[in-house]
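Undergrad: Sharing a structure below in structure tokens format, with a few things to ask.
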Amino acid sequence: MDYIVIPPATEVRGTVAVPPSKSATNRALVLAALSRTPVEIVGPLDSEDTSALAACLASMGASVAASSAGLRVGGPLSGPSDREVVLDARESGTAARFLTAIAAATRGRFLLTGSRRLRERPQAELVAALRSAGADIEYAGEEGCLPLRVSGGSLRSGSIAVDASRSSQFLSALLLAAPALEGGLEVVSSSEIASAPYVGTTLDCLRAFGHHVSVEGPPSAAAGAGARPIKVVAGRTATERYDVPGDYSSALPLLASCGAVSGTVTVTGLAWPSSDADAGALPVLQEMGLAIEGRPGAVTARSRGGLRAVTVSASHFPDAVPALAALAALAPGESRFEGIGHLRLKESDRIGSLAALLDRAGARGEAGETNLVVRGPARRRDGAGARKLPTFGDHRIAMAAALLSLALPGLLVENPGCVAKSYPGFFRDLESLTVRP
């Protein structure tokens, strides 16, 4: 489908079960593939990103099979000795970063590649860190990006420093590779960490799989918690089951729909309270004018009147920024989202993509190098006819466009199928909440 029409709604009302967490599913796939005994992954997300990672791990020797509860995954990993294995991460930056480190710790020869956009996204800091610990990795194309040739089994146990200022996935990739090495790894970020809460998600998964995690020393005032060395060593007893939690990144647009139009929405399947990165955006929704109530297993959002503009540092909840920016476009006044330079390196240049989207919807979006300024409220342009909202093939931008379409007439969302990357049923679930005259 080229575009989807979402007629404006008068209200949103109802309950939706949120999809499983993409972040937790991907981490569980890696850790289960490193286990010598099969692990039951209960309720994993089935999306383009997770299937890409699962297929690559299977090519590396993992057993990946559907089960009544979800997936049954086990190792050990080992590539064939007579040929190079091609690992196609498709559009998944998470898979690309995790596989780079896992391949370096796994015997075999691997060529890691992906889509055109993925081959533009950065890998240099992770490759440099892995090379410092003995990994034999060569660029097969442009320096600093995919494709990569990895001579597996070359990564050594010890200490590694990594610059995670452009992506926390560089740090998480090293931590996830640690259980594959005798003696593990001690990893420290040499910089501030972009989207730092995702490192906490990685540590939670490592502990859930029975691995030993220790964080040394007090935080540094200069570099934050990332300055503390994190030591990960494989546990002696492997877990047999991992339950995937709900996905706050997917829940945020549904909760934010109460701000686009009036109403009350409950999203179930969410941990509460939660250290999830995008759970950190819930106070911003409150500041914008929504009432948020959490309880174990669910979060409810309720409209309380008009929206308010905000100024916020959003560096720790990047996937929530598109939904927040869409609400900001519907609020009177100027909103600012600061500290989001790493959004330029996502599935699209999300700062530029959001500015273009908001302009097309009738608001004003100004893209800075590390920030986004939004001036609302968006207004329909007389005589403009139907307007197609660009999504740039980016699932988060498409979800933001859907929120704008709930509130404003005459909008068409381009390339709605791109939401399959993380939430294939998004438009169906959003429609189940809408109330129209």
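Following the order of the structure tokens, first chain is A, next is B, and so on, with residues numbered from 1 inside each chain and ligands from 1 in the order they appear.
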Could you go through range 173-312 of chain A and tell me which residues DSSP, when run on the backbone, assigns to helix (DSSP H, G or I), listing them as a PyMOL selection string?
TA: chain A and resi 173-180+197-208+225-227+248-260+277-287
Undergrad: Quick one: residues within 10 Å of Pro19 in chain A, only C-alpha atoms, excluding same-chain residues fewer than 6 positions away - as a ChimeraX atom specification?
TA: /A:43-47,244-251,267-270,422-426
Undergrad: Among range 163-354 of chain A, which residues does DSSP mark as strand (DSSP E) when it is run on the backbone? Keep the chain and numbering as in the structure and answer as a PyMOL selection string.
TA: chain A and resi 185-189+212-215+230-233+241-243+262-270+290-295+297-303+311-313+333-338
Undergrad: Find the residue from A:Ala234, A:Ser35, A:Thr113, A:Asp349 that sits nearest to Val213 in chain A; use only C-alpha atoms when measuring.
TA: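 Residue with the minimum atom-to-atom distance to Val213 in chain A: A:Ala234.
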Undergrad: I'd like to know which of A:Ile193, A:Leu29, A:Ile230, A:Leu99 is closest to Ser159 in chain A, using only C-alpha atoms.
TA: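 Going through A:Ile193, A:Leu29, A:Ile230, A:Leu99 one by one, the smallest distance to Ser159 in chain A is for A:Ile230.
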Undergrad: Looking at A:Ser274, A:Asp88, A:Glu414, A:His342, which one is nearest to Ala164 in chain A, with distances taken over only C-alpha atoms?
TA: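 Closest residue, counting only C-alpha atoms: A:His342.
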Undergrad: Do a neighbour search on Gly259 in chain A at 10 Å with only C-alpha atoms, toss out local chain neighbours closer than 2 positions, and write the hits as a ChimeraX atom specification.
TA: /A:11-12,253-257,261-264,285-286,288-291,301-308,324,326-328,330-331,403,407
Undergrad: Give me, as a list of chain:residue names, all polymer residues having an atom no more than 9 Å from Gln123 in chain A, counting only C-alpha atoms and skipping those fewer than 6 positions away in the same chain.
TA: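 Counting only C-alpha atoms, the residues come to A:Ala96, A:Arg97, A:Thr100, A:Glu143, A:Gly144, A:Cys145, A:Leu146, A:Phe170.
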Undergrad: Nearest residue to Lys388 in chain A out of A:Ser432, A:Ser115, A:Ile4, A:Ala355, using only C-alpha atoms?
TA: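 Comparing A:Ser432, A:Ser115, A:Ile4, A:Ala355 against Lys388 in chain A, the winner is A:Ile4.
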Undergrad: From the set A:Asp204, A:Asp276, A:Glu293, A:Glu347, which residue has the shortest atom-to-atom contact distance to Tyr242 in chain A, counting only C-alpha atoms?
TA: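 Ranking A:Asp204, A:Asp276, A:Glu293, A:Glu347 by distance to Tyr242 in chain A, first place goes to A:Asp204.
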Undergrad: Given the choices A:Val73, A:Gly108, A:Leu175, A:Gly183, which gets closest to Arg149 in chain A if the distance is worked out from only C-alpha atoms?
TA: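 Smallest distance to Arg149 in chain A is found for A:Gly108.
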Undergrad: So which residues touch range 124-128 of chain A within 10 Å, counting only C-alpha atoms, skipping near sequence neighbours fewer than 4 positions away, as a PyMOL selection string?
TA: chain A and resi 97-98+100-101+104+132-133+135-139+143-146+148+160-167+169-171+173-174
Undergrad: For range 56-64 of chain A, list every protein, DNA or RNA residue within 9 Å, evaluated using only C-alpha atoms, and leave out those in the same chain fewer than 4 positions away; present the list as a ChimeraX atom specification.
TA: /A:29-30,32-34,38,51-52,71-80,85-89,95,99,103,106,108,110
Undergrad: Give me the residues near Asp49 in chain A as a short mmCIF file (atom, residue, chain, number, x, y, z; two decimals) with N, CA, C and O atoms, in the first residue's frame, where near means some atom within 7 Å (using only C-alpha atoms) and where sequence neighbours in that chain fewer than 4 positions away do not count.
TA:
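The result, stored in around.cif:
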data_model
loop_
_atom_site.label_atom_id
_atom_site.label_comp_id
_atom_site.auth_asym_id
_atom_site.auth_seq_id
_atom_site.Cartn_x
_atom_site.Cartn_y
_atom_site.Cartn_z
N LEU A 53 17.50 -10.74 12.91
CA LEU A 53 18.52 -11.20 13.86
C LEU A 53 18.44 -12.70 14.05
O LEU A 53 19.48 -13.39 14.06
N GLU A 91 17.41 -4.11 7.81
CA GLU A 91 17.28 -2.72 8.25
C GLU A 91 17.68 -2.53 9.72
O GLU A 91 17.60 -1.42 10.24
N SER A 92 18.08 -3.59 10.39
CA SER A 92 18.20 -3.56 11.85
C SER A 92 19.58 -3.10 12.33
O SER A 92 20.56 -3.84 12.26
N LYS A 421 8.57 -3.05 10.99
CA LYS A 421 9.91 -3.17 11.57
C LYS A 421 9.85 -3.45 13.07
O LYS A 421 10.69 -4.16 13.61
N SER A 422 8.82 -2.88 13.75
CA SER A 422 8.74 -3.05 15.20
C SER A 422 7.35 -3.38 15.70
O SER A 422 7.19 -3.98 16.76
#
